[in-house]
$ cat work.cif   # mmCIF, C-alpha atoms
data_start
loop_
_atom_site.label_atom_id
_atom_site.label_comp_id
_atom_site.auth_asym_id
_atom_site.auth_seq_id
_atom_site.Cartn_x
_atom_site.Cartn_y
_atom_site.Cartn_z
CA MET A 6 204.74 160.45 7.65
CA ARG A 7 207.97 161.95 6.42
CA LYS A 8 207.60 164.85 4.03
CA ILE A 9 210.19 164.97 1.25
CA GLY A 10 209.29 168.48 0.22
CA LYS A 11 206.46 170.32 -1.45
CA MET A 12 205.76 169.54 -5.05
CA VAL A 13 206.15 172.35 -7.60
CA SER A 14 202.70 173.80 -8.23
CA GLY A 15 200.81 172.76 -11.35
CA ALA A 16 200.96 176.31 -12.74
CA ALA A 17 204.72 176.47 -12.25
CA VAL A 18 205.17 173.13 -13.99
CA LEU A 19 203.14 174.28 -16.98
CA LEU A 20 205.09 177.52 -17.16
CA MET A 21 208.40 175.65 -17.32
CA LEU A 22 207.01 173.32 -19.99
CA ALA A 23 205.40 176.02 -22.10
CA ALA A 24 208.27 175.80 -24.62
CA ALA A 25 208.87 172.12 -24.02
CA CYS A 26 210.17 171.21 -27.47
CA GLY A 27 212.58 173.27 -29.49
CA GLY A 28 215.25 173.09 -32.12
CA LYS A 29 218.91 172.92 -31.24
CA LYS A 30 218.88 176.67 -30.61
CA GLY A 31 215.48 176.47 -28.93
CA ARG A 32 212.08 177.39 -30.25
CA GLY A 33 208.50 177.39 -29.06
CA ALA A 34 205.87 179.89 -28.00
CA ASP A 35 204.79 180.91 -24.53
CA VAL A 36 201.57 179.33 -23.27
CA PRO A 37 199.14 181.42 -21.18
CA VAL A 38 199.17 179.02 -18.24
CA GLY A 39 196.35 180.61 -16.30
CA GLU A 40 194.00 180.22 -19.26
CA ASN A 41 194.87 176.59 -19.95
CA ARG A 42 191.73 174.59 -19.16
CA ASP A 43 192.84 171.46 -21.02
CA VAL A 44 195.32 170.27 -18.40
CA GLU A 45 193.86 167.71 -16.00
CA VAL A 46 194.88 167.96 -12.34
CA VAL A 47 195.01 164.83 -10.18
CA ASP A 48 195.46 165.60 -6.48
CA ILE A 49 196.63 162.46 -4.68
CA ASP A 50 196.40 164.14 -1.27
CA LYS A 51 192.66 164.71 -1.76
CA ALA A 52 191.97 161.25 -3.16
CA LYS A 53 189.66 158.77 -1.46
CA GLN A 54 191.69 156.02 0.18
CA GLU A 55 190.39 152.52 -0.58
CA ASP A 56 191.47 149.04 0.50
CA ALA A 57 191.37 148.02 -3.16
CA LEU A 58 190.07 149.29 -6.49
CA LEU A 59 187.75 146.84 -8.25
CA TYR A 60 187.47 146.16 -11.97
CA SER A 61 183.73 145.58 -11.54
CA SER A 62 183.23 149.24 -10.59
CA ILE A 63 183.99 150.43 -14.13
CA LEU A 64 184.30 147.37 -16.39
CA GLU A 65 182.25 144.43 -17.65
CA GLU A 66 183.32 140.83 -17.05
CA PRO A 67 186.29 139.89 -19.24
CA ASP A 68 186.86 138.01 -22.44
CA VAL A 69 189.71 135.66 -21.54
CA ILE A 70 192.53 135.29 -24.08
CA VAL A 71 194.81 132.35 -23.31
CA LEU A 72 197.82 132.89 -25.55
CA GLU A 73 198.95 129.77 -27.38
CA THR A 74 202.22 128.31 -26.13
CA CYS A 75 204.41 126.69 -28.78
CA PRO A 76 208.16 126.43 -29.52
CA GLU A 77 207.94 129.38 -31.95
CA CYS A 78 206.58 131.78 -29.31
CA ILE A 79 207.82 131.15 -25.79
CA ILE A 80 207.20 134.51 -24.11
CA GLN A 81 209.48 135.41 -21.21
CA ASP A 82 208.22 138.93 -20.61
CA VAL A 83 205.61 141.34 -22.01
CA SER A 84 207.35 144.71 -22.24
CA ALA A 85 204.90 146.33 -24.69
CA ILE A 86 201.55 145.41 -26.21
CA ASP A 87 199.19 146.80 -28.86
CA ILE A 88 196.13 145.73 -30.85
CA TYR A 89 195.78 146.49 -34.55
CA GLU A 90 193.14 145.25 -37.00
CA GLY A 91 192.08 142.49 -34.62
CA ASN A 92 195.56 141.13 -33.96
CA ILE A 93 197.54 141.44 -30.72
CA TYR A 94 201.18 142.55 -30.94
CA ILE A 95 203.45 141.60 -28.04
CA LEU A 96 207.07 142.62 -27.57
CA ASP A 97 209.29 140.36 -25.51
CA ASP A 98 212.51 142.31 -25.05
CA LYS A 99 214.23 139.42 -23.29
CA VAL A 100 214.16 137.08 -26.31
CA PRO A 101 214.05 139.57 -28.17
CA ALA A 102 211.05 139.14 -30.48
CA LEU A 103 207.82 140.78 -31.64
CA TYR A 104 205.00 138.20 -31.68
CA VAL A 105 201.58 138.48 -33.32
CA PHE A 106 198.54 136.61 -31.99
CA ARG A 107 194.98 136.46 -33.24
CA ARG A 108 192.25 137.77 -30.96
CA ASP A 109 191.41 134.21 -29.89
CA GLY A 110 194.97 133.75 -28.59
CA SER A 111 196.29 131.54 -31.40
CA PHE A 112 199.82 132.31 -32.54
CA LEU A 113 200.05 133.94 -35.98
CA ARG A 114 203.67 134.89 -36.67
CA GLN A 115 206.83 136.63 -35.53
CA ILE A 116 207.90 139.89 -37.13
CA GLY A 117 211.57 139.91 -38.11
CA HIS A 118 214.34 138.01 -36.38
CA GLN A 119 217.44 138.69 -34.37
CA GLY A 120 220.67 138.79 -36.31
CA ARG A 121 223.16 140.93 -38.17
CA GLY A 122 221.71 140.40 -41.65
CA HIS A 123 219.53 142.54 -43.88
CA GLY A 124 216.19 143.31 -42.19
CA GLU A 125 217.25 141.82 -38.85
CA TYR A 126 217.47 143.49 -35.45
CA TRP A 127 219.92 143.04 -32.62
CA GLU A 128 218.08 144.18 -29.49
CA LEU A 129 214.49 145.39 -29.13
CA SER A 130 213.07 147.60 -26.40
CA ASP A 131 209.94 149.20 -27.89
CA PHE A 132 207.67 149.38 -30.94
CA SER A 133 205.09 151.69 -32.46
CA ILE A 134 202.45 151.19 -35.18
CA ASP A 135 201.69 153.64 -38.00
CA ARG A 136 197.98 152.84 -38.17
CA GLU A 137 197.33 154.93 -41.27
CA ASN A 138 199.80 152.99 -43.42
CA GLY A 139 199.90 149.59 -41.72
CA VAL A 140 203.59 149.85 -40.84
CA ILE A 141 205.26 148.81 -37.58
CA TYR A 142 208.44 150.40 -36.25
CA LEU A 143 210.67 148.20 -34.05
CA TRP A 144 213.18 150.12 -31.95
CA ASP A 145 216.63 148.51 -31.85
CA ASP A 146 218.25 150.21 -28.84
CA ALA A 147 221.63 148.56 -29.46
CA LEU A 148 221.91 150.10 -32.93
CA ASP A 149 219.87 153.30 -32.39
CA MET A 150 217.77 152.20 -35.30
CA ALA A 151 214.06 151.83 -36.14
CA HIS A 152 213.25 148.84 -38.36
CA LYS A 153 210.12 149.14 -40.53
CA TYR A 154 207.91 146.18 -41.49
CA ASP A 155 204.71 146.00 -43.52
CA LEU A 156 201.97 144.54 -41.30
CA ARG A 157 199.91 143.30 -44.24
CA THR A 158 202.68 141.43 -46.03
CA ASN A 159 204.98 140.89 -42.99
CA GLY A 160 207.82 142.07 -45.21
CA TYR A 161 210.81 144.16 -44.18
CA ILE A 162 210.71 147.69 -45.65
CA SER A 163 213.77 149.57 -44.43
CA SER A 164 215.64 150.80 -41.35
CA ILE A 165 216.07 154.33 -40.06
CA LYS A 166 219.48 154.95 -38.54
CA THR A 167 219.60 157.72 -35.95
CA LYS A 168 222.59 159.43 -34.38
CA ARG A 169 223.28 158.55 -30.79
CA ASN A 170 223.26 161.73 -28.75
CA GLY A 171 223.77 160.75 -25.14
CA TYR A 172 223.54 157.17 -23.88
CA ARG A 173 221.22 154.38 -25.05
CA SER A 174 217.56 155.04 -25.82
CA TYR A 175 214.92 152.51 -24.79
CA SER A 176 211.51 154.06 -25.58
CA MET A 177 210.20 155.10 -29.00
CA LEU A 178 206.99 156.46 -30.56
CA TYR A 179 206.02 157.06 -34.19
CA LEU A 180 203.56 159.88 -34.88
CA GLY A 181 202.88 162.00 -37.93
CA GLY A 182 206.03 161.13 -39.82
CA LYS A 183 208.29 161.64 -36.82
CA LEU A 184 210.00 159.39 -34.31
CA TYR A 185 210.12 160.44 -30.67
CA VAL A 186 212.95 158.69 -28.84
CA ASP A 187 213.93 159.02 -25.18
CA ARG A 188 217.42 160.28 -24.42
CA THR A 189 219.65 159.47 -21.45
CA SER A 190 223.11 160.69 -20.52
CA LEU A 191 225.97 159.65 -18.26
CA ASP A 192 226.38 163.14 -16.89
CA ALA A 193 224.43 166.36 -16.55
CA ASP A 194 225.68 167.78 -19.83
CA SER A 195 224.74 171.10 -21.37
CA GLU A 196 222.15 169.41 -23.60
CA ASN A 197 220.34 167.79 -20.72
CA TYR A 198 217.02 167.00 -22.40
CA LEU A 199 214.85 163.87 -22.40
CA LEU A 200 213.29 163.46 -25.84
CA LYS A 201 214.63 163.56 -29.39
CA GLU A 202 212.30 164.46 -32.24
CA ILE A 203 213.55 162.68 -35.37
CA ASP A 204 212.57 162.87 -39.03
CA GLY A 205 210.91 159.54 -39.84
CA LYS A 206 212.47 159.35 -43.31
CA THR A 207 216.04 160.57 -42.88
CA GLY A 208 216.73 159.81 -39.22
CA THR A 209 217.91 163.38 -38.71
CA GLN A 210 217.23 164.93 -35.31
CA ILE A 211 214.86 167.86 -35.72
CA ALA A 212 214.43 169.05 -32.16
CA SER A 213 215.36 168.55 -28.52
CA CYS A 214 212.44 168.27 -26.10
CA LEU A 215 211.84 168.48 -22.34
CA LYS A 216 214.79 169.71 -20.31
CA ALA A 217 215.57 167.31 -17.50
CA ASP A 218 215.94 170.10 -14.93
CA ASP A 219 212.45 171.42 -15.64
CA TYR A 220 210.61 168.19 -16.33
CA ASN A 221 212.28 165.32 -14.49
CA ARG A 222 213.80 166.95 -11.41
CA GLY A 223 217.24 166.92 -13.01
CA TRP A 224 217.35 163.16 -13.62
CA ASN A 225 218.44 162.01 -17.06
CA PHE A 226 220.62 159.00 -16.32
CA PRO A 227 220.18 155.55 -17.91
CA LEU A 228 217.85 153.11 -16.21
CA ARG A 229 216.40 150.10 -18.05
CA LEU A 230 212.82 149.73 -16.85
CA PRO A 231 210.28 146.98 -17.62
CA PHE A 232 207.99 149.40 -19.48
CA SER A 233 208.07 152.19 -22.05
CA PHE A 234 207.67 155.84 -21.11
CA PHE A 235 205.08 156.16 -23.93
CA TYR A 236 201.41 155.23 -23.39
CA SER A 237 198.15 155.36 -25.39
CA LYS A 238 200.13 154.89 -28.60
CA ASN A 239 196.94 153.95 -30.45
CA THR A 240 195.45 157.45 -30.01
CA ASP A 241 195.92 160.79 -31.77
CA ALA A 242 197.67 162.13 -28.65
CA PRO A 243 199.92 159.48 -27.08
CA LYS A 244 201.15 160.18 -23.55
CA TYR A 245 204.67 160.36 -22.13
CA VAL A 246 205.84 160.48 -18.52
CA GLU A 247 209.31 160.13 -17.03
CA LEU A 248 210.45 158.40 -13.87
CA PHE A 249 210.54 161.42 -11.56
CA SER A 250 208.10 163.75 -13.30
CA ASP A 251 204.70 164.82 -11.95
CA THR A 252 203.44 165.87 -15.40
CA ILE A 253 202.06 163.53 -18.04
CA MET A 254 202.70 164.99 -21.49
CA ALA A 255 200.64 164.61 -24.67
CA VAL A 256 202.53 164.07 -27.92
CA THR A 257 200.51 165.51 -30.81
CA LYS A 258 201.15 166.38 -34.44
CA GLU A 259 201.13 170.03 -33.34
CA GLY A 260 203.75 169.47 -30.63
CA ILE A 261 204.30 168.26 -27.09
CA LYS A 262 202.13 169.79 -24.37
CA PRO A 263 201.11 169.07 -20.76
CA TYR A 264 198.11 166.78 -20.40
CA CYS A 265 197.89 166.03 -16.68
CA VAL A 266 199.60 167.31 -13.52
CA VAL A 267 199.78 164.98 -10.51
CA LYS A 268 199.86 166.88 -7.21
CA SER A 269 201.04 165.72 -3.80
CA GLU A 270 202.97 167.15 -0.88
CA ASP A 271 204.86 163.84 -0.85
CA PHE A 272 206.10 163.93 -4.44
CA VAL A 273 209.88 163.54 -4.51
CA SER A 274 211.46 166.99 -4.52
CA LYS A 275 214.04 168.39 -6.89
CA LYS A 276 216.26 169.00 -3.86
CA ARG A 277 216.10 165.29 -2.93
CA MET A 278 216.93 164.25 -6.49
CA LYS A 279 219.85 166.67 -6.60
CA LYS A 280 221.27 165.04 -3.47
CA LEU A 281 220.79 161.55 -4.93
CA ILE A 282 222.70 162.57 -8.05
CA SER A 283 225.47 164.39 -6.19
CA ASP A 284 226.06 161.43 -3.82
CA CYS A 285 227.90 159.66 -6.65
CA GLY A 286 231.19 161.07 -7.81
CA PRO A 287 232.72 161.11 -11.32
CA GLY A 288 233.01 157.68 -12.91
CA GLU A 289 230.23 156.23 -10.76
CA GLU A 290 227.37 157.04 -13.12
CA PHE A 291 225.96 153.52 -12.96
CA ASN A 292 225.91 153.49 -9.15
CA TYR A 293 223.03 155.85 -8.48
CA ASN A 294 221.10 154.18 -5.70
CA VAL A 295 217.49 154.96 -6.65
CA SER A 296 216.41 152.24 -4.20
CA ASP A 297 217.20 154.73 -1.43
CA LEU A 298 213.88 156.33 -2.30
CA HIS A 299 212.13 153.08 -1.39
CA GLU A 300 213.13 153.70 2.20
CA GLU A 301 211.44 157.10 2.18
CA ASP A 302 207.74 157.86 2.05
CA CYS A 303 207.93 159.85 -1.17
CA ILE A 304 206.01 159.54 -4.43
CA PHE A 305 207.66 158.94 -7.81
CA CYS A 306 207.52 156.65 -10.88
CA ILE A 307 204.13 157.25 -12.50
CA SER A 308 203.70 154.32 -14.89
CA ARG A 309 201.19 151.95 -16.53
CA PHE A 310 199.11 154.94 -17.61
CA VAL A 311 195.81 153.89 -19.23
CA GLU A 312 192.98 156.02 -20.61
CA LEU A 313 189.59 154.51 -19.85
CA ASP A 314 186.07 155.63 -20.77
CA GLY A 315 186.07 159.12 -19.22
CA MET A 316 188.67 158.06 -16.67
CA VAL A 317 192.41 157.60 -16.35
CA SER A 318 194.36 155.09 -14.32
CA PHE A 319 198.03 154.70 -13.46
CA GLN A 320 200.43 153.24 -10.94
CA TYR A 321 202.93 155.14 -8.84
CA ARG A 322 205.41 154.35 -6.11
CA LYS A 323 205.09 155.63 -2.57
CA GLY A 324 208.30 154.58 -0.92
CA ASP A 325 208.57 150.81 -1.41
CA GLU A 326 204.85 150.36 -2.11
CA ILE A 327 203.13 150.32 -5.50
CA MET A 328 199.88 152.29 -5.46
CA TYR A 329 197.02 152.28 -7.98
CA LEU A 330 195.05 155.39 -8.91
CA LEU A 331 191.73 155.91 -10.70
CA HIS A 332 190.59 159.41 -11.68
CA ASP A 333 187.22 160.47 -13.12
CA VAL A 334 187.87 163.21 -15.67
CA LYS A 335 184.26 164.46 -15.53
CA THR A 336 183.59 164.54 -11.77
CA LYS A 337 187.27 165.10 -10.80
CA GLU A 338 186.98 162.37 -8.15
CA THR A 339 190.13 160.37 -7.45
CA TRP A 340 190.60 157.03 -5.68
CA VAL A 341 193.86 155.36 -4.63
CA ALA A 342 194.55 151.88 -3.24
CA PRO A 343 197.42 149.40 -2.84
CA SER A 344 195.80 147.03 -5.36
CA PHE A 345 193.51 147.00 -8.40
CA LYS A 346 191.67 143.66 -8.38
CA ASP A 347 189.91 141.83 -11.17
CA ASP A 348 187.12 140.64 -8.87
CA TYR A 349 185.37 138.90 -11.78
CA LEU A 350 188.08 136.23 -11.67
CA PHE A 351 188.65 135.73 -7.95
CA GLU A 352 188.35 137.49 -4.63
CA ASN A 353 190.77 138.20 -1.79
CA ASN A 354 193.89 137.64 -3.87
CA ASN A 355 196.72 140.06 -4.55
CA ILE A 356 198.10 138.62 -7.79
CA PRO A 357 198.61 141.73 -9.96
CA LEU A 358 196.85 142.04 -13.30
CA ASP A 359 198.26 145.26 -14.71
CA MET A 360 196.19 147.21 -17.22
CA CYS A 361 198.40 147.67 -20.26
CA TYR A 362 196.21 148.76 -23.17
CA SER A 363 192.89 150.52 -23.78
CA ASP A 364 190.82 151.64 -26.75
CA GLU A 365 187.29 152.90 -27.39
CA GLU A 366 185.81 149.51 -26.48
CA GLY A 367 187.63 148.46 -23.34
CA VAL A 368 190.84 147.73 -21.51
CA LEU A 369 193.32 144.86 -21.66
CA SER A 370 195.13 143.51 -18.61
CA VAL A 371 197.80 140.82 -18.47
CA LEU A 372 198.67 137.95 -16.16
CA SER A 373 202.42 137.82 -16.74
CA VAL A 374 204.50 134.66 -16.87
CA ASP A 375 206.12 135.60 -13.55
CA PHE A 376 202.82 135.26 -11.72
CA ILE A 377 201.30 132.24 -13.48
CA PRO A 378 202.77 129.73 -10.94
CA TYR A 379 201.25 131.76 -8.09
CA PHE A 380 197.95 132.02 -9.99
CA ILE A 381 197.88 128.23 -10.31
CA GLU A 382 198.80 127.64 -6.67
CA ASP A 383 196.70 130.34 -4.99
CA VAL A 384 193.70 130.63 -7.31
CA ILE A 385 193.22 127.51 -9.42
CA ASP A 386 194.42 124.82 -6.98
CA LYS A 387 192.53 126.39 -4.07
CA GLY A 388 189.28 126.57 -6.01
CA HIS A 389 189.07 130.38 -6.05
CA LEU A 390 188.67 130.79 -9.81
CA ASN A 391 185.16 131.88 -10.78
CA PRO A 392 183.67 128.97 -12.80
CA LYS A 393 181.30 131.31 -14.67
CA ILE A 394 184.01 133.30 -16.45
CA ASP A 395 184.78 133.02 -20.15
CA GLU A 396 187.26 130.25 -21.15
CA TYR A 397 187.16 128.76 -17.66
CA GLU A 398 188.32 125.34 -18.86
CA LYS A 399 191.28 126.81 -20.73
CA LEU A 400 192.36 128.71 -17.64
CA MET A 401 192.10 125.57 -15.56
CA GLY A 402 194.52 123.92 -17.99
CA ILE A 403 197.34 126.47 -17.93
CA LYS A 404 200.73 125.35 -16.66
CA GLY A 405 203.63 127.04 -14.94
CA ASP A 406 205.47 127.48 -18.23
CA SER A 407 202.46 128.71 -20.21
CA ASN A 408 202.43 131.99 -22.09
CA PRO A 409 200.75 135.03 -20.50
CA VAL A 410 196.97 135.24 -20.20
CA LEU A 411 195.13 138.39 -21.32
CA PHE A 412 191.80 139.72 -20.07
CA PHE A 413 189.82 142.18 -22.19
CA HIS A 414 187.10 144.08 -20.32
CA LYS A 415 184.54 146.24 -22.10
CA TYR A 416 183.53 149.47 -20.40
CA LYS A 417 180.34 149.62 -18.40
CA SER A 418 177.83 152.12 -19.75
CA ARG A 419 178.01 155.29 -17.71
CA SER A 420 175.11 157.66 -17.14
CA LYS A 421 175.67 161.05 -18.73
#

$ encode --input "work.cif" --output "structure tokens"
Amino acid sequence: MRKIGKMVSGAAVLLMLAAACGGKKGRGADVPVGENRDVEVVDIDKAKQEDALLYSSILEEPDVIVLETCPECIIQDVSAIDIYEGNIYILDDKVPALYVFRRDGSFLRQIGHQGRGHGEYWELSDFSIDRENGVIYLWDDALDMAHKYDLRTNGYISSIKTKRNGYRSYSMLYLGGKLYVDRTSLDADSENYLLKEIDGKTGTQIASCLKADDYNRGWNFPLRLPFSFFYSKNTDAPKYVELFSDTIMAVTKEGIKPYCVVKSEDFVSKKRMKKLISDCGPGEEFNYNVSDLHEEDCIFCISRFVELDGMVSFQYRKGDEIMYLLHDVKTKETWVAPSFKDDYLFENNNIPLDMCYSDEEGVLSVLSVDFIPYFIEDVIDKGHLNPKIDEYEKLMGIKGDSNPVLFFHKYKSRSK
């Protein structure tokens, strides 16, 4: 196994991030790292290696939600998903559109429309719900603008125009009257930070957060990924993690602070990232070959972070392989495997069902449109689908051009 270089220790990471968010001249207080007991440590090198992680080990059998397919809601891709007051909100950034479905899968409505008129958006890449006031914020990355809609009346409220500082921003979170927006750049400029803290009323930038050199191994260049960098948006402390960072951050009303450090000797090193960046000369900013890392046995790209009942789960890349991790916050046990299987549905099949949302009741996973044809061919047509599952007949009737299928699993009761 090729070693890319030792990961920076968890204590060193926390020290660098102690003043993670500051004003344009910098602000923030030192954090006594050695006394910080709130930061979870996940050690991949000490994890138990499994052939596969199984949903049945932590979750009950699922409620199946077959999303209605109709001309008004042809979903091409699920880039973000949330549940609010019993309705399911799905962002398709390829259309682009924000669709609302009832819990039974029936289509309810679309929020806003694409266009150049009043209350319309041009491109969408993320959204966030203000649960206290029933307002949804749709991030228009083409216009650097957040569009506000009332979820109870479906009416347009207003738009918040922000100032572009860097290159395009693709991920956004609303919390406590503020917008947190990711920031990318075409070069390693003097203001090389990753997050903008923005006043939710005026659109004025309040603070610059998370220096790329300290938090993301120097990387701050634009990459459009099929997911947001923000997770657990429905909680009081949403999480944020960048492409090459080993630290999952918590965004709270009191500020941004480390939540979890992921340790491994194989985590991609800052030295390796510096070489990747320096390999491209001036004017070649869009030619960074991140795929080179797929040829090496290094760890990067923590994503699909989900908080379960006393546990956390996420994906990461190890070279060209996607790995799945499950960590017990109470016992500190960690398991990793090349797949996370919903064994309630079928066995011995590698069709991915990525967890994408969790709350106090359970976790939601999605069978994306890309994998529905394979699901039909390898599971349904071969008789591998469990006939005892909920909505079995509906699943048997899905077609290659059907909308995604969702699976909501309640947590199994765990002994205290």

$ residues_near_point --input "work.cif" --point "(212.6, 131.5, -23.2)" --cutoff "12 Å" --atoms "all atoms listed in the file" --output "short mmCIF file (atom, residue, chain, number, x, y, z; two decimals) with C-alpha atoms, keeping the file's coordinate frame"
data_model
loop_
_atom_site.label_atom_id
_atom_site.label_comp_id
_atom_site.auth_asym_id
_atom_site.auth_seq_id
_atom_site.Cartn_x
_atom_site.Cartn_y
_atom_site.Cartn_z
CA THR A 74 202.22 128.31 -26.13
CA CYS A 75 204.41 126.69 -28.78
CA PRO A 76 208.16 126.43 -29.52
CA GLU A 77 207.94 129.38 -31.95
CA CYS A 78 206.58 131.78 -29.31
CA ILE A 79 207.82 131.15 -25.79
CA ILE A 80 207.20 134.51 -24.11
CA GLN A 81 209.48 135.41 -21.21
CA ASP A 82 208.22 138.93 -20.61
CA ASP A 97 209.29 140.36 -25.51
CA ASP A 98 212.51 142.31 -25.05
CA LYS A 99 214.23 139.42 -23.29
CA VAL A 100 214.16 137.08 -26.31
CA PRO A 101 214.05 139.57 -28.17
CA ALA A 102 211.05 139.14 -30.48
CA VAL A 374 204.50 134.66 -16.87
CA ASP A 406 205.47 127.48 -18.23
CA SER A 407 202.46 128.71 -20.21
CA ASN A 408 202.43 131.99 -22.09
#

$ closest_residue --input "work.cif" --among "A:Asn159, A:Ile261, A:Ser233, A:Ala147" --to "Tyr104 (chain A)" --atoms "only C-alpha atoms"
A:Asn159

$ resolve_selection --input "work.cif" --expression "the PyMOL selection byres ((chain A and resi 50) around 9)" --output "tab-separated table (two decimals) with C-alpha atoms, keeping the file's coordinate frame"
chain	number	residue	atom	x	y	z
A	48	ASP	CA	195.46	165.60	-6.48
A	49	ILE	CA	196.63	162.46	-4.68
A	51	LYS	CA	192.66	164.71	-1.76
A	52	ALA	CA	191.97	161.25	-3.16
A	53	LYS	CA	189.66	158.77	-1.46
A	268	LYS	CA	199.86	166.88	-7.21
A	269	SER	CA	201.04	165.72	-3.80
A	270	GLU	CA	202.97	167.15	-0.88
A	271	ASP	CA	204.86	163.84	-0.85

$ atom_distance --input "work.cif" --atom1 "CA of Ser308 (chain A)" --atom2 "CA of Tyr60 (chain A)"
18.4 Å

$ closest_residue --input "work.cif" --among "A:Glu301, A:Asp364, A:Asp386, A:Glu338" --to "Ile403 (chain A)" --atoms "only C-alpha atoms"
A:Asp386

$ residues_around --input "work.cif" --residues "region 387-389 of chain A" --least-positions-apart "3" --cutoff "12 Å" --atoms "all atoms listed in the file" --output "MDAnalysis selection string"
chainID A and resid 348:354 379:384 392:394 397 401

$ resolve_selection --input "work.cif" --expression "the PyMOL selection byres ((chain A and resi 411) around 10)" --output "CSV table (one decimal) with C-alpha atoms, in the coordinates of the input"
chain,number,residue,atom,x,y,z
A,67,PRO,CA,186.3,139.9,-19.2
A,68,ASP,CA,186.9,138.0,-22.4
A,69,VAL,CA,189.7,135.7,-21.5
A,70,ILE,CA,192.5,135.3,-24.1
A,71,VAL,CA,194.8,132.4,-23.3
A,72,LEU,CA,197.8,132.9,-25.6
A,110,GLY,CA,195.0,133.8,-28.6
A,358,LEU,CA,196.8,142.0,-13.3
A,360,MET,CA,196.2,147.2,-17.2
A,361,CYS,CA,198.4,147.7,-20.3
A,369,LEU,CA,193.3,144.9,-21.7
A,370,SER,CA,195.1,143.5,-18.6
A,371,VAL,CA,197.8,140.8,-18.5
A,372,LEU,CA,198.7,138.0,-16.2
A,373,SER,CA,202.4,137.8,-16.7
A,408,ASN,CA,202.4,132.0,-22.1
A,409,PRO,CA,200.8,135.0,-20.5
A,410,VAL,CA,197.0,135.2,-20.2
A,412,PHE,CA,191.8,139.7,-20.1
A,413,PHE,CA,189.8,142.2,-22.2
A,414,HIS,CA,187.1,144.1,-20.3

$ resolve_selection --input "work.cif" --expression "the PyMOL selection byres ((chain A and resi 103) around 12)" --output "ChimeraX atom specification"
/A:77-87,93-102,104-106,112-119,125-126,128-133,141-145,152,154,156,159

$ atom_distance --input "work.cif" --atom1 "CA of Trp340 (chain A)" --atom2 "CA of Glu55 (chain A)"
6.8 Å

$ axis_aligned_box --input "work.cif" --around "region 364-374 of chain A" --padding-each-side "4 Å" --output "JSON"
{"center_x": 195.2, "center_y": 143.8, "center_z": -21.8, "size_x": 26.7, "size_y": 26.2, "size_z": 19.2}

$ atom_distance --input "work.cif" --atom1 "CA of Tyr198 (chain A)" --atom2 "CA of Tyr321 (chain A)"
22.9 Å

$ residues_around --input "work.cif" --residues "region 162-174 of chain A" --least-positions-apart "4" --cutoff "8 Å" --atoms "all atoms listed in the file" --output "PDB file with C-alpha atoms, keeping the file's coordinate frame"
ATOM      1  CA  GLY A 124     216.190 143.310 -42.190  1.00  0.00           C
ATOM      2  CA  ASP A 146     218.250 150.210 -28.840  1.00  0.00           C
ATOM      3  CA  ALA A 147     221.630 148.560 -29.460  1.00  0.00           C
ATOM      4  CA  LEU A 148     221.910 150.100 -32.930  1.00  0.00           C
ATOM      5  CA  ASP A 149     219.870 153.300 -32.390  1.00  0.00           C
ATOM      6  CA  MET A 150     217.770 152.200 -35.300  1.00  0.00           C
ATOM      7  CA  ALA A 151     214.060 151.830 -36.140  1.00  0.00           C
ATOM      8  CA  HIS A 152     213.250 148.840 -38.360  1.00  0.00           C
ATOM      9  CA  LYS A 153     210.120 149.140 -40.530  1.00  0.00           C
ATOM     10  CA  TYR A 154     207.910 146.180 -41.490  1.00  0.00           C
ATOM     11  CA  ASP A 155     204.710 146.000 -43.520  1.00  0.00           C
ATOM     12  CA  VAL A 186     212.950 158.690 -28.840  1.00  0.00           C
ATOM     13  CA  ASP A 187     213.930 159.020 -25.180  1.00  0.00           C
ATOM     14  CA  ARG A 188     217.420 160.280 -24.420  1.00  0.00           C
ATOM     15  CA  THR A 189     219.650 159.470 -21.450  1.00  0.00           C
ATOM     16  CA  SER A 190     223.110 160.690 -20.520  1.00  0.00           C
ATOM     17  CA  LEU A 191     225.970 159.650 -18.260  1.00  0.00           C
ATOM     18  CA  ILE A 203     213.550 162.680 -35.370  1.00  0.00           C
ATOM     19  CA  GLY A 205     210.910 159.540 -39.840  1.00  0.00           C
ATOM     20  CA  LYS A 206     212.470 159.350 -43.310  1.00  0.00           C
ATOM     21  CA  THR A 207     216.040 160.570 -42.880  1.00  0.00           C
ATOM     22  CA  GLY A 208     216.730 159.810 -39.220  1.00  0.00           C
ATOM     23  CA  THR A 209     217.910 163.380 -38.710  1.00  0.00           C
ATOM     24  CA  GLN A 210     217.230 164.930 -35.310  1.00  0.00           C
ATOM     25  CA  PRO A 227     220.180 155.550 -17.910  1.00  0.00           C
TER      26      PRO A 227
END

$ closest_residue --input "work.cif" --among "A:Met278, A:Ile88, A:Leu59, A:Leu248" --to "Phe232 (chain A)" --atoms "all atoms listed in the file"
A:Leu248
